[in-house]
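Each remark here refers to the structure printed beneath this line.
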2 protein chains.
Amino acid sequence: MKSAPLIRIGICGLGTVGQGVWRHLTRVRGDLETRLGVRLELARASVRDLRKPRSVRLAPSRLTTDALEVATDPNIDIVCELIGGTTVARDVTLAALGCGKVVISANKALICGHGAEIFAMARKHGGHFLFEASVAGGIPIIKALREGLVANRFPLIYGILNGTCNYILTQMEEQDAPYTAVLGEAKRLGYAEADESLDVEGWDTAHKAAVLAYLAHRTWVKPSQMIVEGIDRITPADFKHAAALGYGIKLLAVIARDFATDELSVRVHPTLLPESHVVAKVSGVFNAVSVRGDVAGTTLYIGRGAGQDATSSAVISDLVDAVSLLKNDRRAFITARKESGPEQRAPGCRLAPLGHIRCRYYLRLKVSDEPGVLARIAAAMAAQKVSIASVIQSAQEPAGSASLVLTTHVSDERAMGATLARLARLGCVQEPPLLLRIGDFAD
Amino acid sequence: MKSAPLIRIGICGLGTVGQGVWRHLTRVRGDLETRLGVRLELARASVRDLRKPRSVRLAPSRLTTDALEVATDPNIDIVCELIGGTTVARDVTLAALGCGKVVISANKALICGHGAEIFAMARKHGGHFLFEASVAGGIPIIKALREGLVANRFPLIYGILNGTCNYILTQMEEQDAPYTAVLGEAKRLGYAEADESLDVEGWDTAHKAAVLAYLAHRTWVKPSQMIVEGIDRITPADFKHAAALGYGIKLLAVIARDFATDELSVRVHPTLLPESHVVAKVSGVFNAVSVRGDVAGTTLYIGRGAGQDATSSAVISDLVDAVSLLKNDRRAFITARKESGPEQRAPGCRLAPLGHIRCRYYLRLKVSDEPGVLARIAAAMAAQKVSIASVIQSAQEPAGSASLVLTTHVSDERAMGATLARLARLGCVQEPPLLLRIGDFAD
C-alpha cells in the first residue's frame with residue numbers, strides 16, 4: 001500500500017461525536033484502506049481545552065486549539081466539523097471549503113442557517129460538503145434521498161427526527177407521567193440537554209426538516225417560515241384522549257409538496273398518528289423517516305437518531321464518499337456540478353399559504369364548567385367553518401373547570417388560527433387551547 | 001448540453017420491469033442529465049417477440065430479438081439485464097462485462113447462482129455490476145449496506161424479502177383463511193406467479209439472502225447451505241396459536257454472524273415475531289430489512305419489495321451510479337478495486353454447524369388422541385435435551401386426533417432435527433410435525 005495515495009483527515013471538535021469518529025475510524029481504518037485503495041491518516045484535531053481528559057489518545061503535536069488552523073492546513077484533505085453551534089463552526093466550514101477541501105458535518109443548525117452560503121462556497125472553490133450525520137444519525141437517509149431514490153419526486157416526507165422528544169413522549173405515554181417529571185429524568189439519564197428548549201420546542205426538528213426539504217426540493221425553508229410547535233404543553237391526559245380515539249402522539253416533521261400547484265409546506269408539530277401506523281410504534285430515542293416517492297412508493301427508515309456511535313457511523317460513511325470524490329478526477333466532477341449541479345436548479349416551488357395546509361385537528365380546552373359553554377365554543381368554530389367530529393367533556397380540577405377535547409373534520413391552518421384567536425377571546429376559555437394535528441397519512 | 005458526454009443505455013428484456021424502467025427513465029431523463037452533466041440515450045432494447053404490444057413506444061430500429069447484440073454493442077455503455085432466469089441472462093451479463101460495460105441487474109437468482117463468476121468477470125475486464133433492484137425493490141438496501149453503513153460489521157440482518165409470501169401470510173391472519181384459498185386469490189390478483197413454488201417454498205427469499213450475505217460478509221452462501229423452509233404448511237390455526245402466545249408469523253431471512261467464532265448462518269423460515277415488534281406490523285406486499293450494525297446500532301428499512309415502479313426506482317438509482325463510474329477516471333477506480341477491492345478480501349468466516357444455530361421453537365403435531373401420547377412426545381424431546389416451555393392441546397378432526405402445539409426453551413437446529421426424526425418414528429404422530437422458529441430479536 002506504499003504507493004496508494006495518502007488522504008489526510010482533520011477533525012475540528014473532539015467532543016462526544018469527535019471522539020467517537022476518532023475511535024471508530026482508528027478501528028476500521030485498515031479495512032477502509034483496503035477497500036478504497038488509499039492510505040488514511042488522522043492527521044490533526046482541534047479542541048477547546050488541551051488539558052481536558054479524553055477517551056482517545058493523540059500525540060500532543062496533532063492537537064491544536066485553533067480549529068481554523070486545521071481547516072486551512074494545506075496538508076489536510078478532509079475536514080470533519082464536529083464543533084457544533086453556528087459561529088466557529090461556520091468559519092471553519094467556509095474556510096475549509098474556500099481551500100477546496102471536502103467538509104463533513106453533523107451540524108443541522110449550521111446547514112439550516114447557512115446552507116445556501118456553504119453550498120455556494122463549495123461550488124465556487126471546488127470543495128464538497130457532506131452531511132449524512134446531520135439528520136437521523138445512524139440512518140443513511142441523506143444517501144437514500146439523494147442517491148437511492150434519485151428517480152423519485154417526493155410529495156410527502158415525514159418523521160420523528162428528535163430522539164429526546166420521542167423518548168419523553170414515549171415515557172409520558174408508558175408511565176402515565178407528567179412532562180416535567182419525564183424531562184427531569186431524561187436530563188438525569190443524559191437523553192436531554194441541560195437547556196432542553198432546542199429539542200422540546202421543536203427547533204432541532206425544524207433544522208433537520210430544513211435539511212431534508214432542501215435535499216428533496218432544492219429549496220431552503222427557514223424555521224420562521226414553518227409551523228413549529230413543541231411538546232411541552234402535552235399532558236398524560238392527552239395520551240389518554242388520543243388512545244380513546246385510536247391514536248398515539250409523536251412529534252413529527254412534515255414536508256409536503258403538491259406537484260400540481262407546486263406548493264411546499266414544512267412543519268413541525270405533535271401529531272396524532274393511528275395506533276396501527278408503524279411510525280406510531282417507534283419508541284424511545286429512535287428516529288423514523290417516511291418517504292413517499294412517486295416511483296418507489298413509500299419507504300420507511302428507522303434507527304438511532306443521535307449518540308456517539310450512530311453519528312460516527314454516518315460521519316465515516318461520508319468519509320468514504322469523500323475519499324471517492326478525492327480519488328476520482330475531481331475537476332471533471334466538480335466542473336459538471338458547477339455547470340449543472342442540483343444546487344443550480346430553479347427551486348420550482350413556493351411556500352404554501354396557511355389556508356392550503358389542511359388536516360384534521362385535536363383541540364383541548366380548559367373551560368368554565370357552566371351552561372352554554374359548548375354552544376359558544378361550537379359557534380366560534382362554526383364561524384370559521386371548522387366542523388366538529390367528536391367531543392369528550394370531563395370535569396377537571398379545580399372545581400368549576402371542565403376539560404373539553406374536540407376533534408375536527410378536515411380544516412386548514414388559517415381557519416384553525418382564526419378559531420384559536422376567537423376562542424382566546426371567550427371568557428369561558430380559561431387557558432390557551434392546545435392544538436394538535438391528526439396525521440392521516442395513507443402509508 | 002451539446003458538449004456533455006453521451007451515455008448510451010441498452011435494455012435487455014422489455015417485460016414488466018423493462019417497460020417500467022424505459023417509461024420512468026424517459027420521464028426523468030432531462031432532470032438526470034442536468035444533475036449528472038451528461039446526455040442519456042435509451043439506445044436499444046431486446047425483446048423475445050417483436051410483435052408483442054407494449055406500453056412504451058420504440059422505433060423498430062431500436063428493437064432486436066438478440067439480447068447479446070445489445071450486450072456487446074460497442075456503442076452501448078450501460079446494459080440493464082432485465083430478462084430474468086439464469087441462462088440467457090447469464091450470457092448477456094458476462095458478455096457485457098467482458099466488454100468492460102456497466103451491467104445493472106434485478107436478477108437475484110442469477111447473482112445467487114453465478115455471483116462469483118459475474119464479479120470475477122467484472123474485475124477482469126474493468127466492468128461494473130450493480131444490483132440495487134435485486135433485493136427489496138424500492139428500498140435502497142444495497143446502497144445502505146455497502147455505503148451508508150460502511151463503518152459497520154453486521155452481526156445480524158433479518159427481514160421480510162418476499163412480498164408474495166408476506167401478502168399470503170397477512171391475508172391468512174387477517175381473513176382467517178386457509179393457505180390454498182389465499183394463494184388462489186393472490187394468483188388472481190397478480191400477487192403470485194402461476195408457478196408459486198419459487199416464492200412460497202422460500203427460494204426467492206434465499207436468493208436475496210445470499211445477495212445480502214455476500215454484501216455484508218463477502219461470502220457466497222448457496223441455498224443448499226442454508227436452512228430454507230416455506231410457508232405452505234402454515235394453517236390459520238397456527239396464527240391463532242401464535243397470537244395466543246403473543247406472536248405473529250412472518251417468513252424471514254436471517255443472516256447471523258458471530259464475530260467471536262466467525263461463524264455465519266443464513267436461513268429462511270417462517271418465524272414467530274413478538275406482536276409488538278415493528279417488523280411484525282409490516283403487512284401485505286411490503287418488505288422489511290432489519291440491519292444490526294456494530295456502530296450504528298439497528299436500522300430498519302421498510303418499503304415495496306417488488307412491482308414495476310419500485311423496481312424501476314432501484315434500477316434508475318443504479319443507472320445514476322453507473323454514470324458516475326463512467327464519468328470519473330474509470331481506469332484509476334477499477335485498478336484500485338482490482339488490487340484491493342472488497343471481492344479480494346478473504347471471507348474470514350465459515351458456515352456455522354447446525355448445533356450452533358440456536359433459538360426457541362414452535363412445534364405443531366397431529367397426534368392420536370389416546371393416553372400416554374404427550375408422555376411419549378415429551379420423552380422424545382427430552383432425549384435430545386429439548387426443554388418444553390408451553391403446551392396447548394386441542395381436539396381435532398377427524399375424531400381420534402388431537403392437535404398439540406409445543407414451544408421450547410432455547411435449543412438448536414441439530415437437536416431439533418434429531419427430535420423431528422424421533423417424533424416421525426412414533427406411531428402416535430399422524431403427520432410430519434410443523435416446526436417454526438421463534439424470533440427473539442432484541443430490536
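Following the order of the C-alpha cells, first chain is A, next is B, and so on, with residues numbered from 1 inside each chain and ligands from 1 in the order they appear.
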Test item: residues at most 8 Å from Arg44 (chain B), only C-alpha atoms, excluding those fewer than 4 positions along its chain, as a ChimeraX atom specification: /B:9-11,62-64,70
So that each row is one residue of chain B with an atom at most 6 Å from chain A, can you give its shortest atom pair and the distance in Å to one decimal, using only C-alpha atoms, rows by chain and rising number, as a tab-separated table?
residue	atom	partner	partner_atom	distance
B:Thr34	CA	A:Ser340	CA	5.4
B:Arg35	CA	A:Gly341	CA	5.1
B:Gly37	CA	A:Ala336	CA	5.2
B:Gly138	CA	A:Ala296	CA	4.9
B:Pro140	CA	A:Gly148	CA	5.1
B:Gly148	CA	A:Pro140	CA	5.1
B:Val150	CA	A:Ser317	CA	5.7
B:Ala151	CA	A:Ser313	CA	5.6
B:Val295	CA	A:Asp309	CA	5.3
B:Ala296	CA	A:Ala310	CA	4.0
B:Thr298	CA	A:Gly303	CA	6.0
B:Thr299	CA	A:Gly303	CA	4.3
B:Leu300	CA	A:Ile302	CA	4.9
B:Tyr301	CA	A:Tyr301	CA	4.8
B:Ile302	CA	A:Leu300	CA	4.9
B:Gly303	CA	A:Thr299	CA	4.3
B:Asp309	CA	A:Val295	CA	5.3
B:Ala310	CA	A:Ala296	CA	4.1
B:Ser313	CA	A:Ala296	CA	5.4
B:Ile316	CA	A:Ala151	CA	6.0
B:Ser317	CA	A:Gly148	CA	5.4
B:Asn328	CA	A:Asp329	CA	5.7
B:Asp329	CA	A:Asp329	CA	5.6
B:Ala336	CA	A:Gly37	CA	5.2
B:Ser340	CA	A:Thr34	CA	5.4
B:Gly341	CA	A:Arg35	CA	5.2
B:Pro342	CA	A:Arg35	CA	5.4
Can I get the selected residues back with N, CA and C atoms, as a PDB file, in the first residue's frame?
ATOM      1  N   THR B  34     -29.350  17.005 -16.328  1.00  0.00           N
ATOM      2  CA  THR B  34     -28.916  18.260 -15.700  1.00  0.00           C
ATOM      3  C   THR B  34     -28.065  17.973 -14.476  1.00  0.00           C
ATOM      4  N   ARG B  35     -28.517  17.034 -13.665  1.00  0.00           N
ATOM      5  CA  ARG B  35     -27.781  16.740 -12.433  1.00  0.00           C
ATOM      6  C   ARG B  35     -26.433  16.110 -12.704  1.00  0.00           C
ATOM      7  N   GLY B  37     -24.699  16.109 -15.718  1.00  0.00           N
ATOM      8  CA  GLY B  37     -23.831  16.723 -16.720  1.00  0.00           C
ATOM      9  C   GLY B  37     -23.497  15.810 -17.877  1.00  0.00           C
ATOM     10  N   GLY B 138     -37.939  -1.244  -4.002  1.00  0.00           N
ATOM     11  CA  GLY B 138     -37.785   0.204  -3.892  1.00  0.00           C
ATOM     12  C   GLY B 138     -36.983   0.666  -2.696  1.00  0.00           C
ATOM     13  N   PRO B 140     -33.627   1.239  -0.865  1.00  0.00           N
ATOM     14  CA  PRO B 140     -32.205   1.237  -1.260  1.00  0.00           C
ATOM     15  C   PRO B 140     -31.336   0.527  -0.231  1.00  0.00           C
ATOM     16  N   GLY B 148     -23.857   3.470   3.085  1.00  0.00           N
ATOM     17  CA  GLY B 148     -24.335   4.211   4.254  1.00  0.00           C
ATOM     18  C   GLY B 148     -23.845   3.628   5.567  1.00  0.00           C
ATOM     19  N   VAL B 150     -21.044   1.706   5.894  1.00  0.00           N
ATOM     20  CA  VAL B 150     -19.721   1.162   5.572  1.00  0.00           C
ATOM     21  C   VAL B 150     -18.831   1.027   6.810  1.00  0.00           C
ATOM     22  N   ALA B 151     -19.113   1.795   7.863  1.00  0.00           N
ATOM     23  CA  ALA B 151     -18.288   1.720   9.076  1.00  0.00           C
ATOM     24  C   ALA B 151     -18.615   0.498   9.928  1.00  0.00           C
ATOM     25  N   VAL B 295     -21.715  -0.365  14.884  1.00  0.00           N
ATOM     26  CA  VAL B 295     -21.513   1.050  15.208  1.00  0.00           C
ATOM     27  C   VAL B 295     -22.855   1.794  15.222  1.00  0.00           C
ATOM     28  N   ALA B 296     -23.613   1.676  14.160  1.00  0.00           N
ATOM     29  CA  ALA B 296     -24.864   2.443  14.033  1.00  0.00           C
ATOM     30  C   ALA B 296     -25.992   1.877  14.881  1.00  0.00           C
ATOM     31  N   THR B 298     -29.152  -0.818  15.382  1.00  0.00           N
ATOM     32  CA  THR B 298     -30.091  -1.415  14.441  1.00  0.00           C
ATOM     33  C   THR B 298     -30.801  -0.342  13.633  1.00  0.00           C
ATOM     34  N   THR B 299     -30.767  -0.496  12.321  1.00  0.00           N
ATOM     35  CA  THR B 299     -31.597   0.330  11.450  1.00  0.00           C
ATOM     36  C   THR B 299     -32.559  -0.592  10.714  1.00  0.00           C
ATOM     37  N   LEU B 300     -33.745  -0.056  10.422  1.00  0.00           N
ATOM     38  CA  LEU B 300     -34.803  -0.865   9.814  1.00  0.00           C
ATOM     39  C   LEU B 300     -35.318  -0.140   8.580  1.00  0.00           C
ATOM     40  N   TYR B 301     -35.529  -0.892   7.507  1.00  0.00           N
ATOM     41  CA  TYR B 301     -35.909  -0.342   6.210  1.00  0.00           C
ATOM     42  C   TYR B 301     -37.172  -1.051   5.740  1.00  0.00           C
ATOM     43  N   ILE B 302     -38.190  -0.281   5.408  1.00  0.00           N
ATOM     44  CA  ILE B 302     -39.468  -0.865   5.004  1.00  0.00           C
ATOM     45  C   ILE B 302     -39.911  -0.232   3.686  1.00  0.00           C
ATOM     46  N   GLY B 303     -40.446  -1.038   2.784  1.00  0.00           N
ATOM     47  CA  GLY B 303     -40.957  -0.492   1.529  1.00  0.00           C
ATOM     48  C   GLY B 303     -41.480  -1.590   0.626  1.00  0.00           C
ATOM     49  N   ASP B 309     -42.880  -0.278 -10.611  1.00  0.00           N
ATOM     50  CA  ASP B 309     -42.391   1.050 -10.249  1.00  0.00           C
ATOM     51  C   ASP B 309     -41.270   0.982  -9.219  1.00  0.00           C
ATOM     52  N   ALA B 310     -41.470   0.204  -8.154  1.00  0.00           N
ATOM     53  CA  ALA B 310     -40.447   0.121  -7.108  1.00  0.00           C
ATOM     54  C   ALA B 310     -39.137  -0.397  -7.696  1.00  0.00           C
ATOM     55  N   SER B 313     -37.404   2.222  -9.826  1.00  0.00           N
ATOM     56  CA  SER B 313     -36.732   3.222  -8.996  1.00  0.00           C
ATOM     57  C   SER B 313     -35.325   2.758  -8.642  1.00  0.00           C
ATOM     58  N   ILE B 316     -32.992   2.740 -11.776  1.00  0.00           N
ATOM     59  CA  ILE B 316     -32.570   4.096 -12.170  1.00  0.00           C
ATOM     60  C   ILE B 316     -31.524   4.634 -11.189  1.00  0.00           C
ATOM     61  N   SER B 317     -31.653   4.270  -9.925  1.00  0.00           N
ATOM     62  CA  SER B 317     -30.622   4.659  -8.960  1.00  0.00           C
ATOM     63  C   SER B 317     -29.271   4.057  -9.347  1.00  0.00           C
ATOM     64  N   ASN B 328     -16.129   9.372 -14.202  1.00  0.00           N
ATOM     65  CA  ASN B 328     -14.879   9.571 -13.485  1.00  0.00           C
ATOM     66  C   ASN B 328     -13.758   8.794 -14.149  1.00  0.00           C
ATOM     67  N   ASP B 329     -12.596   8.978 -13.639  1.00  0.00           N
ATOM     68  CA  ASP B 329     -11.438   8.308 -14.214  1.00  0.00           C
ATOM     69  C   ASP B 329     -11.581   6.823 -13.926  1.00  0.00           C
ATOM     70  N   ALA B 336      -7.687   0.308  -8.647  1.00  0.00           N
ATOM     71  CA  ALA B 336      -7.681   0.224  -7.194  1.00  0.00           C
ATOM     72  C   ALA B 336      -8.557  -0.935  -6.730  1.00  0.00           C
ATOM     73  N   SER B 340      -7.329  -4.238  -4.726  1.00  0.00           N
ATOM     74  CA  SER B 340      -7.669  -4.262  -3.312  1.00  0.00           C
ATOM     75  C   SER B 340      -9.171  -4.214  -3.078  1.00  0.00           C
ATOM     76  N   GLY B 341      -9.946  -4.494  -4.105  1.00  0.00           N
ATOM     77  CA  GLY B 341     -11.397  -4.377  -3.963  1.00  0.00           C
ATOM     78  C   GLY B 341     -11.933  -5.345  -2.927  1.00  0.00           C
ATOM     79  N   PRO B 342     -13.142  -5.093  -2.481  1.00  0.00           N
ATOM     80  CA  PRO B 342     -13.719  -5.915  -1.427  1.00  0.00           C
ATOM     81  C   PRO B 342     -13.835  -7.388  -1.816  1.00  0.00           C
TER      82      PRO B 342
END
Residues flagged strand (DSSP E or B) by DSSP in region 252-315 of chain B, as a count of residues only: 35
Of the listed residues B:Gly439, B:Gly348, B:Gly246, B:Gly202, that which approaches Leu272 (chain B) most closely, counting only C-alpha atoms: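 Checking each candidate against Leu272 (chain B), we get B:Gly439 as the closest.
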Spatial neighbours of Ser224 (chain A), max dist 12 Å, only C-alpha atoms, sep filter under 2 positions, as a PyMOL selection string: chain A and resi 112-113+202-203+206-207+210+220-222+226-229+266-268+351
Every residue of region 204-325 of chain A that DSSP places in helix (DSSP H, G or I), as a ChimeraX atom specification: /A:204-217,223-225,236-244,278-281,308-325
Please produce a file of those selected residues containing N, CA and C atoms, as a CSV table (one decimal), in the first residue's frame.
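This went into part-v6.csv:
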chain,number,residue,atom,x,y,z
A,204,ASP,N,-34.8,21.9,16.9
A,204,ASP,CA,-33.9,20.9,16.4
A,204,ASP,C,-34.5,20.1,15.2
A,205,THR,N,-35.8,19.7,15.5
A,205,THR,CA,-36.5,19.0,14.4
A,205,THR,C,-36.7,19.9,13.2
A,206,ALA,N,-36.9,21.2,13.4
A,206,ALA,CA,-37.1,22.1,12.3
A,206,ALA,C,-35.8,22.3,11.5
A,207,HIS,N,-34.7,22.3,12.2
A,207,HIS,CA,-33.4,22.4,11.4
A,207,HIS,C,-33.2,21.1,10.5
A,208,LYS,N,-33.6,20.0,11.1
A,208,LYS,CA,-33.4,18.8,10.3
A,208,LYS,C,-34.4,18.7,9.1
A,209,ALA,N,-35.6,19.2,9.4
A,209,ALA,CA,-36.7,19.3,8.4
A,209,ALA,C,-36.2,20.2,7.2
A,210,ALA,N,-35.5,21.3,7.6
A,210,ALA,CA,-35.0,22.2,6.5
A,210,ALA,C,-33.9,21.5,5.7
A,211,VAL,N,-33.1,20.6,6.3
A,211,VAL,CA,-32.1,19.9,5.5
A,211,VAL,C,-32.8,18.9,4.6
A,212,LEU,N,-33.8,18.2,5.1
A,212,LEU,CA,-34.5,17.2,4.2
A,212,LEU,C,-35.3,17.9,3.1
A,213,ALA,N,-35.9,19.1,3.4
A,213,ALA,CA,-36.6,19.8,2.4
A,213,ALA,C,-35.7,20.3,1.3
A,214,TYR,N,-34.5,20.7,1.7
A,214,TYR,CA,-33.5,21.2,0.7
A,214,TYR,C,-33.1,20.0,-0.2
A,215,LEU,N,-32.9,18.9,0.4
A,215,LEU,CA,-32.5,17.7,-0.4
A,215,LEU,C,-33.6,17.3,-1.3
A,216,ALA,N,-34.8,17.3,-0.8
A,216,ALA,CA,-35.9,16.8,-1.7
A,216,ALA,C,-36.4,17.8,-2.7
A,217,HIS,N,-36.3,19.1,-2.3
A,217,HIS,CA,-36.9,20.1,-3.1
A,217,HIS,C,-36.0,21.3,-3.5
A,223,PRO,N,-36.8,28.1,9.5
A,223,PRO,CA,-37.8,27.7,10.6
A,223,PRO,C,-38.9,28.8,10.8
A,224,SER,N,-38.5,30.1,10.5
A,224,SER,CA,-39.5,31.1,10.7
A,224,SER,C,-40.6,31.0,9.6
A,225,GLN,N,-40.3,30.2,8.6
A,225,GLN,CA,-41.4,30.0,7.5
A,225,GLN,C,-42.2,28.7,7.7
A,236,PRO,N,-50.3,13.9,30.2
A,236,PRO,CA,-50.7,12.5,30.2
A,236,PRO,C,-52.2,12.3,29.7
A,237,ALA,N,-53.1,13.3,30.1
A,237,ALA,CA,-54.5,13.2,29.7
A,237,ALA,C,-54.6,13.2,28.2
A,238,ASP,N,-53.7,14.0,27.5
A,238,ASP,CA,-53.8,14.0,26.0
A,238,ASP,C,-53.5,12.6,25.4
A,239,PHE,N,-52.6,11.9,26.1
A,239,PHE,CA,-52.3,10.5,25.6
A,239,PHE,C,-53.5,9.6,25.8
A,240,LYS,N,-54.2,9.8,26.9
A,240,LYS,CA,-55.4,9.0,27.2
A,240,LYS,C,-56.5,9.4,26.2
A,241,HIS,N,-56.7,10.7,25.9
A,241,HIS,CA,-57.8,11.0,24.9
A,241,HIS,C,-57.4,10.5,23.6
A,242,ALA,N,-56.1,10.7,23.2
A,242,ALA,CA,-55.7,10.2,21.9
A,242,ALA,C,-55.9,8.7,21.8
A,243,ALA,N,-55.6,7.9,22.8
A,243,ALA,CA,-55.7,6.5,22.8
A,243,ALA,C,-57.2,6.1,22.6
A,244,ALA,N,-58.1,6.9,23.3
A,244,ALA,CA,-59.5,6.6,23.2
A,244,ALA,C,-60.0,6.8,21.8
A,278,VAL,N,-47.1,2.1,11.6
A,278,VAL,CA,-45.7,1.7,12.0
A,278,VAL,C,-45.0,2.8,12.8
A,279,VAL,N,-45.1,4.0,12.3
A,279,VAL,CA,-44.3,5.1,12.9
A,279,VAL,C,-44.8,5.3,14.3
A,280,ALA,N,-46.1,5.1,14.6
A,280,ALA,CA,-46.6,5.2,16.0
A,280,ALA,C,-45.9,4.3,16.9
A,281,LYS,N,-45.3,3.2,16.4
A,281,LYS,CA,-44.7,2.2,17.2
A,281,LYS,C,-43.2,2.5,17.5
A,308,GLN,N,-23.1,9.0,20.2
A,308,GLN,CA,-21.8,8.9,19.7
A,308,GLN,C,-21.6,7.9,18.5
A,309,ASP,N,-22.1,6.7,18.7
A,309,ASP,CA,-21.8,5.7,17.8
A,309,ASP,C,-22.6,5.8,16.5
A,310,ALA,N,-23.9,6.1,16.6
A,310,ALA,CA,-24.8,6.2,15.4
A,310,ALA,C,-24.2,7.4,14.6
A,311,THR,N,-23.9,8.5,15.2
A,311,THR,CA,-23.4,9.7,14.5
A,311,THR,C,-22.1,9.4,13.8
A,312,SER,N,-21.2,8.6,14.5
A,312,SER,CA,-19.9,8.3,14.0
A,312,SER,C,-20.1,7.4,12.7
A,313,SER,N,-21.0,6.5,12.8
A,313,SER,CA,-21.3,5.7,11.6
A,313,SER,C,-21.6,6.5,10.4
A,314,ALA,N,-22.4,7.6,10.6
A,314,ALA,CA,-22.8,8.4,9.4
A,314,ALA,C,-21.6,9.3,9.0
A,315,VAL,N,-20.8,9.8,9.9
A,315,VAL,CA,-19.6,10.6,9.5
A,315,VAL,C,-18.6,9.7,8.7
A,316,ILE,N,-18.4,8.5,9.2
A,316,ILE,CA,-17.5,7.6,8.4
A,316,ILE,C,-18.0,7.2,7.0
A,317,SER,N,-19.3,7.1,6.9
A,317,SER,CA,-19.9,6.9,5.6
A,317,SER,C,-19.6,8.1,4.7
A,318,ASP,N,-19.7,9.3,5.2
A,318,ASP,CA,-19.3,10.5,4.4
A,318,ASP,C,-17.8,10.5,4.1
A,319,LEU,N,-17.0,10.0,5.0
A,319,LEU,CA,-15.6,10.0,4.8
A,319,LEU,C,-15.2,9.1,3.6
A,320,VAL,N,-15.9,8.0,3.5
A,320,VAL,CA,-15.7,7.1,2.4
A,320,VAL,C,-16.1,7.7,1.1
A,321,ASP,N,-17.2,8.4,1.1
A,321,ASP,CA,-17.7,9.2,-0.1
A,321,ASP,C,-16.7,10.3,-0.5
A,322,ALA,N,-16.1,10.9,0.6
A,322,ALA,CA,-15.2,12.0,0.4
A,322,ALA,C,-13.9,11.4,-0.3
A,323,VAL,N,-13.5,10.3,0.1
A,323,VAL,CA,-12.3,9.7,-0.5
A,323,VAL,C,-12.5,9.4,-1.9
A,324,SER,N,-13.7,8.9,-2.2
A,324,SER,CA,-14.1,8.6,-3.7
A,324,SER,C,-14.0,9.9,-4.5
A,325,LEU,N,-14.6,11.0,-3.9
A,325,LEU,CA,-14.5,12.3,-4.6
A,325,LEU,C,-13.1,12.7,-4.8
Close residues, region 403-409 of chain A itself excluded, 12 Å, only C-alpha atoms, min 5 positions apart in chain, as JSON, numbers by chain: {"A": [237, 238, 239, 240, 241, 242, 244, 245, 272, 358, 359, 360, 361, 362, 363, 364, 365, 366, 367, 368, 369, 370, 373, 374, 377, 378, 381, 382, 384, 385, 386, 387, 388, 389, 390, 391, 392, 393, 394, 395, 396, 397, 398, 415, 416, 419, 428, 429, 430, 431, 433, 434, 435, 436, 437, 438, 440]}
Residues within 10 Å of Gln171 (chain B), only C-alpha atoms, excluding chain neighbours under 2 positions, as a PyMOL selection string: chain B and resi 165-169+173-179+181-183+185-186+236+283-284
Nearest to Leu6 (chain B), chosen from B:Leu252, B:Ala96, B:Ile76, B:Ile231, with only C-alpha atoms counted in the distances: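 Going through B:Leu252, B:Ala96, B:Ile76, B:Ile231 one by one, the smallest distance to Leu6 (chain B) is for B:Ile76.
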Selection: 10 Å around Lys124 (chain B), only C-alpha atoms, excl. self and same-chain fewer than 3 positions, as a PyMOL selection string: chain B and resi 97-98+100+118-121+127+334+338
Atomic distance CA of Leu354 (chain A) - CA of Ala256 (chain A), expressed in Å with one decimal: 12.8 Å
